[in-house]
$ cat coords-v7.txt   # compact mmCIF, C-alpha atoms and all ligand atoms
# COMPACT_ATOMS: atom_id res chain seq x y z
CA MET A 5 -3.82 21.95 -20.14
CA GLY A 6 -3.44 18.39 -18.94
CA ASP A 7 -5.53 16.40 -16.47
CA ARG A 8 -4.75 14.71 -13.20
CA ILE A 9 -4.11 11.02 -12.87
CA ASP A 10 -6.49 9.45 -10.36
CA PHE A 11 -6.54 6.19 -8.42
CA ARG A 12 -9.91 4.51 -7.74
CA ASP A 13 -10.76 1.05 -6.43
CA GLY A 14 -7.13 0.00 -6.57
CA ARG A 15 -6.67 1.10 -10.19
CA TRP A 16 -5.01 3.98 -11.98
CA VAL A 17 -7.36 6.21 -13.93
CA VAL A 18 -5.17 7.81 -16.57
CA PRO A 19 -6.40 10.60 -18.86
CA ASP A 20 -5.00 10.96 -22.38
CA ARG A 21 -3.11 14.09 -21.34
CA PRO A 22 -1.87 13.39 -17.82
CA VAL A 23 0.20 15.98 -15.98
CA ILE A 24 3.37 14.30 -14.73
CA PRO A 25 5.80 16.25 -12.52
CA TYR A 26 9.49 15.70 -13.20
CA ILE A 27 12.71 16.64 -11.41
CA GLU A 28 15.48 16.93 -13.99
CA GLY A 29 18.18 16.29 -11.40
CA ASP A 30 21.64 17.66 -10.69
CA GLY A 31 24.97 17.15 -12.48
CA THR A 32 24.27 15.21 -15.67
CA GLY A 33 20.54 15.24 -14.82
CA PRO A 34 19.58 18.02 -17.29
CA ASP A 35 21.40 16.27 -20.20
CA ILE A 36 19.73 12.99 -19.33
CA TRP A 37 16.29 14.48 -18.80
CA ARG A 38 16.34 16.38 -22.11
CA ALA A 39 17.15 13.17 -23.96
CA SER A 40 14.63 11.12 -22.01
CA GLN A 41 11.74 13.52 -22.53
CA ARG A 42 12.41 13.53 -26.26
CA VAL A 43 12.18 9.74 -26.30
CA PHE A 44 8.98 9.68 -24.22
CA ASP A 45 7.24 12.29 -26.37
CA ALA A 46 8.30 10.69 -29.64
CA VAL A 47 7.26 7.23 -28.50
CA LEU A 48 3.83 8.39 -27.35
CA THR A 49 3.22 10.19 -30.64
CA LYS A 50 4.24 7.07 -32.48
CA VAL A 51 2.16 4.52 -30.54
CA SER A 52 -0.96 6.63 -30.07
CA GLY A 53 -0.94 8.73 -33.25
CA GLY A 54 -0.84 11.85 -31.09
CA LYS A 55 -3.90 10.88 -29.00
CA ARG A 56 -1.88 10.46 -25.80
CA ARG A 57 0.64 12.98 -24.57
CA VAL A 58 2.22 13.79 -21.24
CA GLU A 59 2.03 17.36 -20.00
CA TRP A 60 5.39 17.51 -18.20
CA LEU A 61 5.45 19.74 -15.13
CA GLU A 62 8.85 20.70 -13.82
CA VAL A 63 9.20 20.66 -10.04
CA LEU A 64 12.36 21.62 -8.20
CA ALA A 65 14.60 19.65 -5.90
CA GLY A 66 18.32 19.50 -5.17
CA GLU A 67 20.83 22.12 -6.30
CA LYS A 68 18.50 23.83 -8.77
CA ALA A 69 15.86 24.21 -6.05
CA PHE A 70 18.44 25.54 -3.61
CA LYS A 71 19.70 28.13 -6.11
CA GLN A 72 16.22 29.35 -6.98
CA THR A 73 14.44 29.11 -3.63
CA GLY A 74 17.06 28.66 -0.92
CA ASN A 75 15.43 25.33 -0.11
CA TRP A 76 16.75 21.92 -1.24
CA LEU A 77 13.31 20.40 -1.19
CA PRO A 78 10.52 22.98 -1.44
CA GLU A 79 7.12 22.07 -0.02
CA GLU A 80 5.56 22.90 -3.42
CA THR A 81 7.49 20.00 -4.94
CA LEU A 82 6.11 17.50 -2.45
CA GLU A 83 2.64 19.00 -2.84
CA ALA A 84 2.76 18.78 -6.67
CA ILE A 85 3.84 15.15 -6.57
CA ARG A 86 1.12 14.33 -4.03
CA ARG A 87 -1.45 16.11 -6.16
CA HIS A 88 -0.46 14.44 -9.43
CA ARG A 89 0.33 11.07 -7.84
CA VAL A 90 3.00 9.92 -10.33
CA ALA A 91 6.40 11.56 -10.89
CA ILE A 92 9.81 10.85 -12.39
CA LYS A 93 13.17 12.13 -11.24
CA GLY A 94 16.77 12.35 -12.30
CA PRO A 95 19.62 11.89 -9.82
CA LEU A 96 20.12 14.46 -7.06
CA THR A 97 23.32 15.52 -5.33
CA THR A 98 23.53 14.46 -1.72
CA PRO A 99 25.55 17.27 -0.09
CA VAL A 100 28.26 15.78 2.10
CA GLY A 101 27.79 16.74 5.73
CA GLY A 102 24.02 16.40 5.56
CA GLY A 103 21.58 18.89 6.99
CA ILE A 104 19.03 18.48 4.21
CA ARG A 105 16.13 16.15 4.14
CA SER A 106 16.43 13.35 1.62
CA LEU A 107 13.84 13.64 -1.12
CA ASN A 108 13.44 9.89 -1.29
CA VAL A 109 12.81 9.60 2.44
CA ALA A 110 10.42 12.58 2.40
CA LEU A 111 8.43 11.14 -0.51
CA ARG A 112 8.42 7.65 0.91
CA GLN A 113 6.97 8.93 4.16
CA LEU A 114 4.52 11.39 2.62
CA LEU A 115 3.14 9.01 0.00
CA ASP A 116 3.80 5.69 1.76
CA LEU A 117 5.76 4.31 -1.22
CA TYR A 118 6.17 0.88 0.29
CA ALA A 119 7.52 -1.07 -2.69
CA CYS A 120 10.90 -0.33 -4.24
CA ILE A 121 10.74 -2.03 -7.62
CA ARG A 122 13.82 -2.86 -9.70
CA PRO A 123 13.40 -4.72 -13.00
CA VAL A 124 16.66 -6.36 -14.07
CA ARG A 125 16.92 -7.61 -17.63
CA TYR A 126 19.66 -7.90 -20.18
CA PHE A 127 19.89 -5.93 -23.41
CA ALA A 128 21.70 -7.85 -26.14
CA GLY A 129 25.12 -6.36 -26.84
CA VAL A 130 25.67 -4.74 -23.45
CA PRO A 131 28.99 -5.86 -21.98
CA SER A 132 28.45 -8.16 -19.00
CA PRO A 133 30.76 -10.23 -16.79
CA MET A 134 28.46 -13.25 -17.28
CA ARG A 135 28.62 -15.87 -20.01
CA GLU A 136 24.85 -15.93 -20.44
CA PRO A 137 23.55 -12.68 -18.97
CA GLU A 138 20.28 -12.98 -20.90
CA LYS A 139 19.16 -15.74 -18.55
CA LEU A 140 18.57 -13.25 -15.75
CA ASP A 141 15.22 -11.49 -16.12
CA VAL A 142 13.79 -10.63 -12.72
CA VAL A 143 11.71 -7.91 -11.15
CA ILE A 144 12.70 -7.26 -7.55
CA TYR A 145 10.07 -5.99 -5.06
CA ARG A 146 11.94 -4.69 -2.05
CA GLU A 147 10.03 -3.64 1.07
CA ASN A 148 10.63 0.07 1.61
CA THR A 149 9.26 1.04 5.04
CA GLU A 150 10.43 -1.58 7.58
CA ASP A 151 13.49 -3.62 8.57
CA VAL A 152 16.81 -2.20 9.77
CA TYR A 153 16.67 0.75 7.35
CA THR A 154 13.91 2.43 9.36
CA GLY A 155 16.78 3.96 11.31
CA VAL A 156 15.71 2.98 14.82
CA GLU A 157 19.25 2.58 16.10
CA TYR A 158 21.25 3.91 19.00
CA ALA A 159 24.95 4.75 19.13
CA ALA A 160 27.30 2.70 21.28
CA GLY A 161 27.55 4.20 24.75
CA SER A 162 24.57 6.55 24.25
CA PRO A 163 22.06 6.83 27.11
CA GLU A 164 19.40 5.29 24.85
CA ALA A 165 21.57 2.27 24.02
CA SER A 166 22.56 1.84 27.66
CA ARG A 167 18.94 1.93 28.85
CA LEU A 168 17.71 -0.39 26.14
CA LEU A 169 20.56 -2.78 26.77
CA ALA A 170 19.82 -2.85 30.51
CA PHE A 171 16.12 -3.43 29.77
CA LEU A 172 16.82 -6.32 27.40
CA ARG A 173 19.20 -7.93 29.87
CA ASP A 174 17.01 -7.45 32.95
CA GLN A 175 13.67 -8.27 31.42
CA PHE A 176 14.54 -10.89 28.82
CA GLY A 177 17.95 -12.19 29.86
CA ALA A 178 19.43 -11.10 26.52
CA LYS A 179 23.18 -11.60 26.28
CA ILE A 180 24.63 -8.44 24.77
CA ARG A 181 28.17 -7.14 25.17
CA ASP A 182 28.66 -3.94 27.22
CA GLY A 183 28.86 -0.73 25.21
CA SER A 184 27.19 -2.22 22.11
CA ALA A 185 25.39 -0.11 19.53
CA LEU A 186 21.81 -1.31 19.06
CA GLY A 187 19.53 -1.34 16.02
CA ILE A 188 15.91 -2.46 15.82
CA LYS A 189 14.56 -4.55 12.97
CA PRO A 190 10.78 -4.12 12.92
CA MET A 191 8.84 -6.26 10.44
CA SER A 192 5.04 -6.54 10.43
CA ARG A 193 2.42 -8.76 8.87
CA PHE A 194 0.81 -5.64 7.38
CA GLY A 195 4.05 -4.35 5.84
CA THR A 196 5.05 -7.75 4.52
CA GLN A 197 1.71 -8.73 3.09
CA ARG A 198 1.02 -5.55 1.15
CA LEU A 199 4.48 -5.85 -0.45
CA VAL A 200 4.15 -9.53 -1.30
CA ALA A 201 0.60 -8.95 -2.58
CA LYS A 202 1.89 -6.26 -4.93
CA ALA A 203 4.56 -8.62 -6.25
CA ILE A 204 2.01 -11.39 -6.80
CA GLU A 205 -0.43 -9.04 -8.53
CA TYR A 206 2.38 -8.00 -10.87
CA ALA A 207 3.30 -11.62 -11.62
CA ILE A 208 -0.33 -12.46 -12.40
CA LYS A 209 -0.83 -9.37 -14.56
CA THR A 210 2.35 -9.87 -16.57
CA ARG A 211 2.07 -13.69 -16.67
CA ARG A 212 5.35 -14.27 -14.92
CA PRO A 213 5.68 -17.83 -13.67
CA SER A 214 6.86 -17.37 -10.07
CA VAL A 215 7.30 -15.14 -7.04
CA THR A 216 10.23 -16.00 -4.75
CA LEU A 217 10.26 -14.82 -1.12
CA VAL A 218 13.89 -14.13 -0.20
CA HIS A 219 14.52 -14.13 3.55
CA LYS A 220 17.03 -15.06 6.22
CA GLY A 221 14.47 -16.87 8.33
CA ASN A 222 16.77 -19.73 9.27
CA ILE A 223 18.60 -17.32 11.59
CA MET A 224 16.20 -14.41 12.21
CA LYS A 225 13.17 -16.58 12.80
CA PHE A 226 10.67 -14.02 14.05
CA THR A 227 11.41 -11.25 11.57
CA GLU A 228 12.73 -12.76 8.33
CA GLY A 229 11.10 -16.09 9.13
CA ALA A 230 7.79 -14.32 9.61
CA PHE A 231 8.26 -12.58 6.24
CA ARG A 232 8.26 -16.02 4.67
CA GLU A 233 5.21 -17.22 6.63
CA TRP A 234 3.22 -14.05 6.04
CA GLY A 235 4.17 -14.14 2.36
CA TYR A 236 2.81 -17.65 1.87
CA GLU A 237 -0.23 -16.70 3.96
CA VAL A 238 -1.21 -13.75 1.77
CA ALA A 239 -0.73 -15.87 -1.36
CA ARG A 240 -3.04 -18.51 0.11
CA GLU A 241 -5.67 -16.15 1.44
CA LYS A 242 -5.81 -13.50 -1.25
CA PHE A 243 -4.66 -15.28 -4.42
CA ALA A 244 -5.73 -18.89 -3.87
CA GLY A 245 -7.03 -19.27 -7.42
CA ASN A 246 -3.93 -17.84 -9.07
CA THR A 247 -1.02 -19.13 -7.01
CA ILE A 248 0.39 -22.45 -5.92
CA PRO A 249 3.21 -23.12 -3.43
CA GLU A 250 6.31 -24.72 -4.94
CA THR A 251 5.87 -27.75 -2.68
CA GLU A 252 2.51 -28.48 -4.31
CA ALA A 253 3.46 -27.53 -7.85
CA GLY A 254 5.42 -30.80 -8.17
CA LYS A 255 7.57 -31.55 -11.16
CA GLY A 256 5.54 -29.69 -13.74
CA LYS A 257 6.21 -26.32 -12.14
CA GLY A 258 4.49 -23.56 -14.01
CA ASP A 259 2.38 -26.02 -16.01
CA THR A 260 -0.58 -25.33 -13.77
CA GLY A 261 -0.83 -21.83 -15.23
CA LYS A 262 -0.63 -20.53 -11.69
CA VAL A 263 2.10 -18.36 -10.22
CA VAL A 264 4.42 -20.63 -8.23
CA ILE A 265 5.27 -19.18 -4.81
CA LYS A 266 8.70 -20.25 -3.61
CA ASP A 267 11.11 -19.12 -0.96
CA ARG A 268 14.88 -19.05 -0.74
CA ILE A 269 17.28 -18.16 2.03
CA ALA A 270 19.04 -14.91 1.15
CA ASP A 271 22.62 -16.18 1.01
CA SER A 272 21.66 -19.10 -1.20
CA MET A 273 19.73 -16.70 -3.43
CA PHE A 274 22.96 -14.92 -4.34
CA GLN A 275 24.21 -18.24 -5.71
CA GLN A 276 20.91 -18.99 -7.40
CA VAL A 277 20.83 -15.78 -9.43
CA LEU A 278 24.32 -16.62 -10.69
CA LEU A 279 23.89 -20.33 -11.28
CA ARG A 280 20.18 -20.81 -12.12
CA PRO A 281 18.89 -17.34 -12.99
CA GLU A 282 16.22 -18.67 -15.33
CA GLU A 283 14.31 -20.14 -12.38
CA TYR A 284 13.44 -16.72 -10.97
CA ALA A 285 10.94 -14.18 -12.30
CA VAL A 286 9.67 -11.96 -9.49
CA ILE A 287 11.43 -11.60 -6.14
CA ALA A 288 9.79 -10.22 -2.98
CA THR A 289 12.12 -9.44 -0.12
CA PRO A 290 12.65 -7.35 3.01
CA ASN A 291 14.55 -4.11 2.76
CA LEU A 292 18.16 -5.03 3.50
CA ASN A 293 18.25 -8.26 1.48
CA GLY A 294 16.68 -6.36 -1.41
CA ASP A 295 19.29 -3.63 -1.25
CA TYR A 296 22.16 -6.09 -1.70
CA LEU A 297 20.40 -8.37 -4.14
CA SER A 298 19.29 -5.54 -6.47
CA ASP A 299 22.83 -4.28 -7.05
CA ALA A 300 24.22 -7.80 -7.39
CA CYS A 301 21.65 -8.63 -10.07
CA VAL A 302 22.20 -5.34 -11.89
CA ALA A 303 25.94 -6.04 -12.03
CA GLN A 304 25.20 -9.33 -13.81
CA ILE A 305 23.43 -7.62 -16.70
CA GLY A 306 26.01 -4.91 -17.24
CA GLY A 307 25.82 -2.36 -14.46
CA LEU A 308 24.11 0.65 -13.06
CA GLY A 309 24.16 2.79 -16.21
CA MET A 310 21.04 0.94 -17.37
CA ALA A 311 19.22 0.29 -14.09
CA PRO A 312 15.77 1.81 -13.63
CA GLY A 313 13.73 1.85 -10.45
CA GLY A 314 10.39 2.87 -9.01
CA ASN A 315 9.04 3.54 -5.54
CA VAL A 316 5.39 2.62 -5.57
CA GLY A 317 2.58 2.77 -3.02
CA ASP A 318 -1.20 2.61 -3.36
CA GLY A 319 -2.08 5.38 -5.76
CA TYR A 320 1.33 7.04 -5.73
CA ALA A 321 4.56 6.30 -7.57
CA VAL A 322 7.91 7.96 -8.20
CA PHE A 323 10.30 6.56 -10.81
CA GLU A 324 14.05 7.17 -10.97
CA ALA A 325 17.37 5.99 -12.28
CA THR A 326 19.41 4.24 -9.64
CA HIS A 327 22.74 5.85 -10.56
CA GLY A 328 23.92 9.21 -9.21
CA THR A 329 24.64 12.58 -10.82
CA ALA A 330 28.00 11.62 -12.40
CA PRO A 331 29.06 15.27 -11.83
CA LYS A 332 32.33 15.15 -13.79
CA TYR A 333 30.33 14.75 -17.02
CA ALA A 334 27.77 17.50 -16.26
CA GLY A 335 26.83 19.53 -19.33
CA LEU A 336 28.98 17.45 -21.71
CA ASP A 337 26.04 15.66 -23.40
CA LYS A 338 27.96 12.46 -22.79
CA VAL A 339 26.43 10.07 -20.27
CA ASN A 340 23.98 7.24 -20.80
CA PRO A 341 20.34 8.28 -20.39
CA GLY A 342 19.21 4.61 -20.49
CA ALA A 343 18.32 4.33 -16.83
CA VAL A 344 15.95 7.31 -16.80
CA ILE A 345 14.49 6.22 -20.15
CA LEU A 346 13.82 2.73 -18.75
CA SER A 347 12.35 4.29 -15.60
CA GLY A 348 9.92 6.07 -17.91
CA ALA A 349 9.08 2.72 -19.53
CA MET A 350 8.35 1.35 -16.05
CA MET A 351 6.16 4.35 -15.34
CA PHE A 352 4.14 3.87 -18.52
CA GLU A 353 3.76 0.16 -17.77
CA GLU A 354 2.51 0.95 -14.24
CA LEU A 355 -0.03 3.36 -15.74
CA GLY A 356 -1.25 0.75 -18.22
CA TRP A 357 0.42 2.34 -21.29
CA THR A 358 2.10 -0.95 -22.09
CA ASP A 359 2.46 -0.11 -25.79
CA ALA A 360 4.64 2.88 -24.93
CA ALA A 361 6.70 0.85 -22.45
CA GLU A 362 7.32 -1.87 -25.03
CA ALA A 363 8.19 0.66 -27.72
CA ILE A 364 10.81 2.29 -25.49
CA THR A 365 12.40 -1.07 -24.71
CA ARG A 366 12.37 -1.95 -28.42
CA GLY A 367 14.02 1.36 -29.33
CA LEU A 368 16.71 0.97 -26.71
CA SER A 369 17.44 -2.62 -27.75
CA GLY A 370 17.64 -1.49 -31.37
CA ALA A 371 20.10 1.31 -30.63
CA ILE A 372 22.36 -1.01 -28.65
CA THR A 373 22.21 -3.75 -31.28
CA ALA A 374 23.14 -1.15 -33.92
CA ARG A 375 26.14 -0.31 -31.70
CA SER A 376 25.37 3.39 -31.52
CA VAL A 377 25.91 3.87 -27.80
CA THR A 378 27.18 6.32 -25.19
CA TYR A 379 30.80 6.26 -24.01
CA ASP A 380 30.22 3.91 -21.06
CA LEU A 381 29.00 1.13 -23.33
CA ALA A 382 31.18 2.03 -26.32
CA ARG A 383 34.40 1.62 -24.32
CA GLN A 384 33.49 -1.97 -23.61
CA MET A 385 31.90 -2.92 -26.95
CA PRO A 386 34.47 -3.61 -29.67
CA GLY A 387 33.51 -1.89 -32.91
CA ALA A 388 30.82 0.30 -31.34
CA SER A 389 30.57 3.96 -32.24
CA GLU A 390 30.34 6.40 -29.37
CA VAL A 391 27.47 8.86 -29.59
CA SER A 392 26.36 11.73 -27.35
CA THR A 393 23.44 11.57 -24.92
CA SER A 394 21.21 13.46 -27.34
CA ARG A 395 22.26 11.39 -30.35
CA PHE A 396 21.63 8.20 -28.38
CA ALA A 397 18.07 9.43 -27.77
CA GLU A 398 17.66 9.96 -31.53
CA CYS A 399 18.96 6.43 -32.21
CA ILE A 400 16.43 5.03 -29.74
CA ILE A 401 13.61 6.92 -31.46
CA GLU A 402 14.78 5.67 -34.87
CA HIS A 403 14.61 2.07 -33.63
CA VAL A 404 11.18 2.21 -31.92
P1 LIG A 501 27.45 8.23 -9.76
O1 LIG A 501 26.93 9.60 -9.96
O2 LIG A 501 26.48 7.13 -10.00
O3 LIG A 501 28.71 8.09 -10.70
C1 LIG A 501 29.72 7.13 -10.55
C2 LIG A 501 30.22 6.68 -11.91
O4 LIG A 501 29.27 5.81 -12.48
C3 LIG A 501 30.42 7.79 -12.94
O5 LIG A 501 31.61 8.47 -12.77
C4 LIG A 501 30.36 6.94 -14.19
O6 LIG A 501 31.50 6.11 -14.30
C5 LIG A 501 29.22 6.00 -13.89
N1 LIG A 501 27.89 6.51 -14.24
C6 LIG A 501 26.90 6.94 -13.43
N2 LIG A 501 25.85 7.32 -14.13
C7 LIG A 501 26.14 7.13 -15.42
C8 LIG A 501 25.44 7.33 -16.63
N3 LIG A 501 24.19 7.81 -16.66
N4 LIG A 501 26.06 7.04 -17.78
C9 LIG A 501 27.31 6.55 -17.79
N5 LIG A 501 28.03 6.34 -16.68
C10 LIG A 501 27.45 6.62 -15.51
O7 LIG A 501 27.99 8.03 -8.28
P2 LIG A 501 28.80 9.04 -7.32
O8 LIG A 501 29.84 9.76 -8.11
O9 LIG A 501 29.15 8.23 -6.16
O10 LIG A 501 27.71 10.10 -6.84
C11 LIG A 501 27.59 11.42 -7.37
C12 LIG A 501 26.43 12.13 -6.66
O11 LIG A 501 25.20 11.48 -6.94
C13 LIG A 501 26.56 12.15 -5.14
O12 LIG A 501 26.15 13.41 -4.66
C14 LIG A 501 25.59 11.06 -4.70
O13 LIG A 501 25.12 11.27 -3.40
C15 LIG A 501 24.50 11.22 -5.70
N6 LIG A 501 23.62 10.02 -5.89
C16 LIG A 501 22.32 10.26 -6.13
C17 LIG A 501 21.46 9.19 -6.37
C18 LIG A 501 19.99 9.49 -6.65
O14 LIG A 501 19.59 10.64 -6.66
N7 LIG A 501 19.20 8.49 -6.92
C19 LIG A 501 21.94 7.88 -6.36
C20 LIG A 501 23.32 7.67 -6.13
C21 LIG A 501 24.16 8.76 -5.91
P3 LIG A 501 32.85 6.45 -15.14
O15 LIG A 501 33.40 7.72 -14.61
O16 LIG A 501 33.71 5.25 -14.86
O17 LIG A 501 32.49 6.55 -16.57

$ encode --input "coords-v7.txt" --output "structure tokens"
Amino acid sequence: MGDRIDFRDGRWVVPDRPVIPYIEGDGTGPDIWRASQRVFDAVLTKVSGGKRRVEWLEVLAGEKAFKQTGNWLPEETLEAIRRHRVAIKGPLTTPVGGGIRSLNVALRQLLDLYACIRPVRYFAGVPSPMREPEKLDVVIYRENTEDVYTGVEYAAGSPEASRLLAFLRDQFGAKIRDGSALGIKPMSRFGTQRLVAKAIEYAIKTRRPSVTLVHKGNIMKFTEGAFREWGYEVAREKFAGNTIPETEAGKGKGDTGKVVIKDRIADSMFQQVLLRPEEYAVIATPNLNGDYLSDACVAQIGGLGMAPGGNVGDGYAVFEATHGTAPKYAGLDKVNPGAVILSGAMMFEELGWTDAAEAITRGLSGAITARSVTYDLARQMPGASEVSTSRFAECIIEHV
């Protein structure tokens, strides 16, 4: 029925009826997905008069896949996502004890999803620990393929660690304690520059005033320090007409109409997002810094229940909520579907369906302002009425 999304000359080519694979997820996933799909379909009908519609294609992963196929992550799922390029997923159970391949790792490797994108913005009425949570409105671009998370590490006392340790001592005079565990932190110009370029392109496209490179280059000079250098370099070489370094922007920052490129040391950035959040719009950062910073920022605007995310490469993207399966509420039609719904908004924005993305955000804001919210928000919002997952979806649609 539907058509395939394509990617040509660095741009998405999106038909009116794209096929988009989805993984409903484990635990509360089915409740959340049902509500989310209703919102997506209703919003598209509303903004396009029925012209645009997604042909949803279910693909299996996690417990449902295991029950039906004996495989936690069937090859057909990876193949369908590769074929259709863009997918959305609910949370998946990670069985304790391991043994199964992580879907996120498999997809990241297969599709080279090098940017982990986390928009963090406040919705009026959501309980937050901050006095002025609305001042934080950032989109975090976290590098997804390099840095210490690549998993090149060796256990203390292992033959690999012992040999590497001896090599580093003998060849380079490195001072490392006997019996240490060792981890490698690879960071490349290529990996850094494609991530920073993506962040800058986003800032230009959405008219955001700045991109901040967050690094720990004062200590790790050749990895994190290089991230900073390579970041400024790609801004200069690829986006000279559209960007300006903070040092040259002078007092009238932002007045030039260009995207201001700044950098901050990671530890200081944690203070900055608390004390001067309005000075930051887009953040580009290596993997580990981004991991910490994303959750810290999300906590400021009211927590993980509303935090969407996307893993994006060139011509491939997978969107997902950042919370887990909340298994104790499975099947109760109770939890907040906001994160998957906002992940869908991100997906539509990425595909150029900005009207749908804006409508979803409007609907969600409206439902929260009207104080018809799921239990997690209701318990913290005096006077709010608690509604079910499915009713919350209806409230969102009513407020589009
Ligand atoms: P979790 O599923 O995120 O749930 C922890 C708590 O967060 C819940 O008990 C609930 O708090 C709250 N919560 C999470 N999602 C919510 C929602 N949509 N609406 C309202 N409240 C929500 O974390 P977990 O219990 O540590 O992990 C459960 C499973 O999910 C594990 O197997 C884990 O590996 C997996 N996981 C998957 C992903 C993923 O696929 N992306 C991410 C993280 C974890 P209250 O009980 O206080 O109301």

$ residues_near_ligand --input "coords-v7.txt" --ligand "ligand LIG 501 (chain A)" --cutoff "7 Å" --atoms "all atoms listed in the file" --output "list in words"
Gly94, Pro95, Leu96, Thr97, Thr98, Pro99, Leu308, Gly309, Glu324, Ala325, Thr326, His327, Gly328, Thr329, Ala330, Pro331, Lys332, Val339, Asn340, Pro341, Ala343 and Asp380 of chain A

$ write_last_selection --input "coords-v7.txt" --atoms "C-alpha atoms" --output "compact mmCIF listing (two decimals), in the coordinates of the input"
# COMPACT_ATOMS: atom_id res chain seq x y z
CA GLY A 94 16.77 12.35 -12.30
CA PRO A 95 19.62 11.89 -9.82
CA LEU A 96 20.12 14.46 -7.06
CA THR A 97 23.32 15.52 -5.33
CA THR A 98 23.53 14.46 -1.72
CA PRO A 99 25.55 17.27 -0.09
CA LEU A 308 24.11 0.65 -13.06
CA GLY A 309 24.16 2.79 -16.21
CA GLU A 324 14.05 7.17 -10.97
CA ALA A 325 17.37 5.99 -12.28
CA THR A 326 19.41 4.24 -9.64
CA HIS A 327 22.74 5.85 -10.56
CA GLY A 328 23.92 9.21 -9.21
CA THR A 329 24.64 12.58 -10.82
CA ALA A 330 28.00 11.62 -12.40
CA PRO A 331 29.06 15.27 -11.83
CA LYS A 332 32.33 15.15 -13.79
CA VAL A 339 26.43 10.07 -20.27
CA ASN A 340 23.98 7.24 -20.80
CA PRO A 341 20.34 8.28 -20.39
CA ALA A 343 18.32 4.33 -16.83
CA ASP A 380 30.22 3.91 -21.06

$ closest_residue --input "coords-v7.txt" --among "A:Thr196, A:Ser394, A:Ser389, A:Thr210" --to "Glu354 in chain A" --atoms "all atoms listed in the file"
A:Thr210

$ closest_residue --input "coords-v7.txt" --among "A:Gly307, A:Gly195, A:Pro19, A:Gly294" --to "Lys220 in chain A" --atoms "only C-alpha atoms"
A:Gly294

$ residues_around --input "coords-v7.txt" --residues "Trp357 in chain A" --least-positions-apart "4" --cutoff "12 Å" --atoms "only C-alpha atoms" --output "VMD selection string"
chain A and resid 16 to 20 22 44 47 to 48 51 to 52 56 to 58 348 to 353 361 to 364

$ atom_distance --input "coords-v7.txt" --atom1 "CA of Val391 in chain A" --atom2 "CA of Tyr126 in chain A"
20.7 Å

$ atom_distance --input "coords-v7.txt" --atom1 "CA of Leu368 in chain A" --atom2 "CA of Val124 in chain A"
14.6 Å

$ closest_residue --input "coords-v7.txt" --among "A:Arg395, A:Arg112, A:Arg38, A:His403" --to "Arg366 in chain A" --atoms "all atoms listed in the file"
A:His403

$ residues_around --input "coords-v7.txt" --residues "Lys202 in chain A" --least-positions-apart "4" --cutoff "8 Å" --atoms "all atoms listed in the file" --output "ChimeraX atom specification"
/A:119,198,206

$ residues_around --input "coords-v7.txt" --residues "Leu186 in chain A" --least-positions-apart "2" --cutoff "12 Å" --atoms "all atoms listed in the file" --output "list of chain:residue names"
A:Val152, A:Gly155, A:Val156, A:Glu157, A:Tyr158, A:Ala159, A:Ala160, A:Gly161, A:Ser162, A:Pro163, A:Glu164, A:Ala165, A:Ser166, A:Arg167, A:Leu168, A:Leu169, A:Ala170, A:Leu172, A:Ile180, A:Arg181, A:Asp182, A:Gly183, A:Ser184, A:Ile188, A:Lys189

$ closest_residue --input "coords-v7.txt" --among "A:Thr154, A:Thr81, A:Asn291, A:Gln384" --to "Gln113 in chain A" --atoms "all atoms listed in the file"
A:Thr154
